[in-house]
$ cat target13.txt   # compact mmCIF, N, CA and C atoms
# COMPACT_ATOMS: atom_id res chain seq x y z
N MET A 22 -26.73 -1.33 -18.11
CA MET A 22 -25.47 -0.65 -18.31
C MET A 22 -25.34 -0.27 -19.78
N GLU A 23 -24.96 0.97 -20.02
CA GLU A 23 -24.83 1.47 -21.38
C GLU A 23 -23.53 0.98 -22.01
N LYS A 24 -23.63 0.46 -23.22
CA LYS A 24 -22.44 0.03 -23.93
C LYS A 24 -21.89 1.19 -24.74
N ARG A 25 -20.58 1.36 -24.66
CA ARG A 25 -19.92 2.42 -25.42
C ARG A 25 -19.19 1.79 -26.60
N SER A 26 -19.08 2.54 -27.66
CA SER A 26 -18.32 2.06 -28.79
C SER A 26 -16.83 2.19 -28.46
N LEU A 27 -16.02 1.52 -29.23
CA LEU A 27 -14.57 1.57 -29.02
C LEU A 27 -14.07 3.01 -29.17
N ARG A 28 -14.59 3.72 -30.14
CA ARG A 28 -14.18 5.11 -30.37
C ARG A 28 -14.48 5.99 -29.15
N GLU A 29 -15.68 5.86 -28.59
CA GLU A 29 -16.05 6.65 -27.40
C GLU A 29 -15.15 6.30 -26.23
N THR A 30 -14.83 5.03 -26.08
CA THR A 30 -13.98 4.58 -24.97
C THR A 30 -12.58 5.15 -25.10
N VAL A 31 -12.04 5.15 -26.31
CA VAL A 31 -10.69 5.69 -26.53
C VAL A 31 -10.65 7.18 -26.20
N PHE A 32 -11.64 7.93 -26.66
CA PHE A 32 -11.66 9.37 -26.38
C PHE A 32 -11.88 9.64 -24.89
N LEU A 33 -12.63 8.81 -24.22
CA LEU A 33 -12.81 8.96 -22.78
C LEU A 33 -11.48 8.73 -22.06
N ILE A 34 -10.75 7.71 -22.47
CA ILE A 34 -9.45 7.42 -21.86
C ILE A 34 -8.47 8.57 -22.11
N LEU A 35 -8.47 9.12 -23.31
CA LEU A 35 -7.58 10.25 -23.61
C LEU A 35 -7.89 11.46 -22.74
N ARG A 36 -9.18 11.74 -22.55
CA ARG A 36 -9.54 12.87 -21.67
C ARG A 36 -9.14 12.59 -20.22
N ALA A 37 -9.29 11.35 -19.78
CA ALA A 37 -8.91 10.99 -18.41
C ALA A 37 -7.41 11.12 -18.21
N VAL A 38 -6.62 10.70 -19.20
CA VAL A 38 -5.17 10.82 -19.10
C VAL A 38 -4.76 12.29 -19.03
N ALA A 39 -5.40 13.13 -19.81
CA ALA A 39 -5.08 14.57 -19.80
C ALA A 39 -5.33 15.17 -18.41
N VAL A 40 -6.45 14.85 -17.83
CA VAL A 40 -6.77 15.36 -16.49
C VAL A 40 -5.82 14.78 -15.44
N ALA A 41 -5.54 13.50 -15.54
CA ALA A 41 -4.67 12.84 -14.57
C ALA A 41 -3.25 13.41 -14.60
N MET A 42 -2.75 13.70 -15.77
CA MET A 42 -1.40 14.27 -15.87
C MET A 42 -1.34 15.65 -15.23
N GLY A 43 -2.35 16.46 -15.47
CA GLY A 43 -2.39 17.78 -14.86
C GLY A 43 -2.44 17.72 -13.35
N VAL A 44 -3.30 16.86 -12.83
CA VAL A 44 -3.42 16.70 -11.38
C VAL A 44 -2.14 16.14 -10.79
N ALA A 45 -1.53 15.18 -11.46
CA ALA A 45 -0.29 14.58 -10.96
C ALA A 45 0.83 15.60 -10.87
N VAL A 46 0.94 16.47 -11.86
CA VAL A 46 1.99 17.49 -11.84
C VAL A 46 1.76 18.47 -10.68
N VAL A 47 0.52 18.87 -10.47
CA VAL A 47 0.23 19.80 -9.37
C VAL A 47 0.55 19.16 -8.02
N VAL A 48 0.11 17.93 -7.82
CA VAL A 48 0.33 17.26 -6.53
C VAL A 48 1.81 17.02 -6.29
N LEU A 49 2.50 16.50 -7.29
CA LEU A 49 3.93 16.22 -7.11
C LEU A 49 4.73 17.50 -6.93
N SER A 50 4.31 18.59 -7.55
CA SER A 50 4.99 19.87 -7.36
C SER A 50 4.79 20.38 -5.93
N CYS A 51 3.59 20.22 -5.41
CA CYS A 51 3.32 20.63 -4.03
C CYS A 51 4.14 19.82 -3.03
N LEU A 52 4.41 18.58 -3.37
CA LEU A 52 5.22 17.72 -2.50
C LEU A 52 6.71 17.90 -2.73
N SER A 53 7.07 18.77 -3.66
CA SER A 53 8.47 19.04 -4.01
C SER A 53 9.23 17.77 -4.40
N SER A 54 8.57 16.90 -5.12
CA SER A 54 9.23 15.66 -5.52
C SER A 54 9.18 15.46 -7.03
N LEU A 55 9.20 16.58 -7.76
CA LEU A 55 9.10 16.51 -9.21
C LEU A 55 10.13 17.43 -9.84
N GLU A 56 10.90 16.88 -10.77
CA GLU A 56 11.87 17.70 -11.49
C GLU A 56 11.16 18.43 -12.63
N ILE A 57 11.72 19.55 -13.03
CA ILE A 57 11.12 20.37 -14.07
C ILE A 57 11.00 19.58 -15.38
N LYS A 58 12.02 18.84 -15.73
CA LYS A 58 12.00 18.08 -16.98
C LYS A 58 10.86 17.06 -16.97
N SER A 59 10.67 16.40 -15.86
CA SER A 59 9.59 15.43 -15.75
C SER A 59 8.22 16.10 -15.81
N ALA A 60 8.10 17.26 -15.19
CA ALA A 60 6.83 17.99 -15.20
C ALA A 60 6.46 18.42 -16.61
N VAL A 61 7.44 18.91 -17.36
CA VAL A 61 7.18 19.34 -18.74
C VAL A 61 6.78 18.14 -19.59
N THR A 62 7.44 17.02 -19.40
CA THR A 62 7.10 15.81 -20.15
C THR A 62 5.68 15.36 -19.83
N MET A 63 5.33 15.33 -18.56
CA MET A 63 3.99 14.91 -18.16
C MET A 63 2.92 15.85 -18.70
N LEU A 64 3.18 17.15 -18.64
CA LEU A 64 2.21 18.11 -19.15
C LEU A 64 2.10 18.01 -20.68
N GLY A 65 3.20 17.70 -21.33
CA GLY A 65 3.17 17.51 -22.78
C GLY A 65 2.32 16.31 -23.17
N ILE A 66 2.45 15.23 -22.42
CA ILE A 66 1.63 14.04 -22.68
C ILE A 66 0.15 14.37 -22.46
N GLY A 67 -0.13 15.06 -21.37
CA GLY A 67 -1.52 15.44 -21.08
C GLY A 67 -2.10 16.35 -22.14
N LEU A 68 -1.31 17.31 -22.60
CA LEU A 68 -1.78 18.23 -23.63
C LEU A 68 -2.01 17.50 -24.95
N SER A 69 -1.13 16.59 -25.28
CA SER A 69 -1.30 15.81 -26.52
C SER A 69 -2.57 14.97 -26.47
N CYS A 70 -2.82 14.35 -25.33
CA CYS A 70 -4.05 13.56 -25.18
C CYS A 70 -5.29 14.43 -25.30
N ALA A 71 -5.23 15.62 -24.69
CA ALA A 71 -6.37 16.53 -24.77
C ALA A 71 -6.61 16.98 -26.21
N ASP A 72 -5.53 17.26 -26.93
CA ASP A 72 -5.67 17.68 -28.32
C ASP A 72 -6.28 16.58 -29.18
N ILE A 73 -5.83 15.36 -28.99
CA ILE A 73 -6.38 14.24 -29.76
C ILE A 73 -7.86 14.03 -29.42
N ALA A 74 -8.19 14.15 -28.15
CA ALA A 74 -9.58 13.99 -27.73
C ALA A 74 -10.47 15.09 -28.32
N MET A 75 -9.92 16.28 -28.49
CA MET A 75 -10.71 17.38 -29.05
C MET A 75 -10.97 17.20 -30.54
N LEU A 76 -10.22 16.36 -31.20
CA LEU A 76 -10.46 16.10 -32.62
C LEU A 76 -11.83 15.45 -32.83
N GLU A 77 -12.35 14.83 -31.77
CA GLU A 77 -13.66 14.20 -31.84
C GLU A 77 -14.76 15.24 -32.10
N ASN A 78 -14.56 16.45 -31.58
CA ASN A 78 -15.59 17.50 -31.64
C ASN A 78 -15.41 18.40 -32.86
N LYS A 79 -15.02 17.88 -33.98
CA LYS A 79 -14.74 18.64 -35.19
C LYS A 79 -15.54 19.90 -35.27
$ encode --input "target13.txt" --output "structure tokens"
Amino acid sequence: MEKRSLRETVFLILRAVAVAMGVAVVVLSCLSSLEIKSAVTMLGIGLSCADIAMLENK
């Protein structure tokens, strides 16, 4: 099993959170169980995580 450094693990988690937030908003919107304010907040969190993760690729 390959060992990852703490830095790699953190950036992996940030990318996973970004994807998860996007998928969650789409699914909850399809189920009509998501308010607009909550959707914007979730997408904002996902976008912030994606931006931080992209800092790795200077």
$ select_by_dssp --input "target13.txt" --residues "chain A" --states "helix (DSSP H, G or I)" --output "PyMOL selection string"
chain A and resi 27-51+57-78
$ atom_distance --input "target13.txt" --atom1 "CA of Gly67 (chain A)" --atom2 "CA of Val48 (chain A)"
14.8 Å
$ closest_residue --input "target13.txt" --among "A:Leu76, A:Ala71, A:Ser59, A:Leu49" --to "Leu35 (chain A)" --atoms "only C-alpha atoms"
A:Ala71
$ closest_residue --input "target13.txt" --among "A:Val61, A:Arg25, A:Cys70, A:Ser54" --to "Ala41 (chain A)" --atoms "only C-alpha atoms"
A:Cys70
$ atom_distance --input "target13.txt" --atom1 "atom N of Gly65 (chain A)" --atom2 "atom C of Arg36 (chain A)"
13.4 Å
$ closest_residue --input "target13.txt" --among "A:Leu68, A:Val31, A:Ala74, A:Met63" --to "Ala45 (chain A)" --atoms "only C-alpha atoms"
A:Met63
$ atom_distance --input "target13.txt" --atom1 "atom C of Glu29 (chain A)" --atom2 "CA of Asp72 (chain A)"
15.0 Å
$ closest_residue --input "target13.txt" --among "A:Ala37, A:Ser26, A:Phe32, A:Gly43" --to "Leu64 (chain A)" --atoms "only N, CA and C atoms"
A:Gly43
$ axis_aligned_box --input "target13.txt" --around "region 37-54 of chain A" --padding-each-side "3 Å" --output "JSON"
{"center_x": 0.0, "center_y": 15.7, "center_z": -11.2, "size_x": 24.5, "size_y": 15.9, "size_z": 23.3}
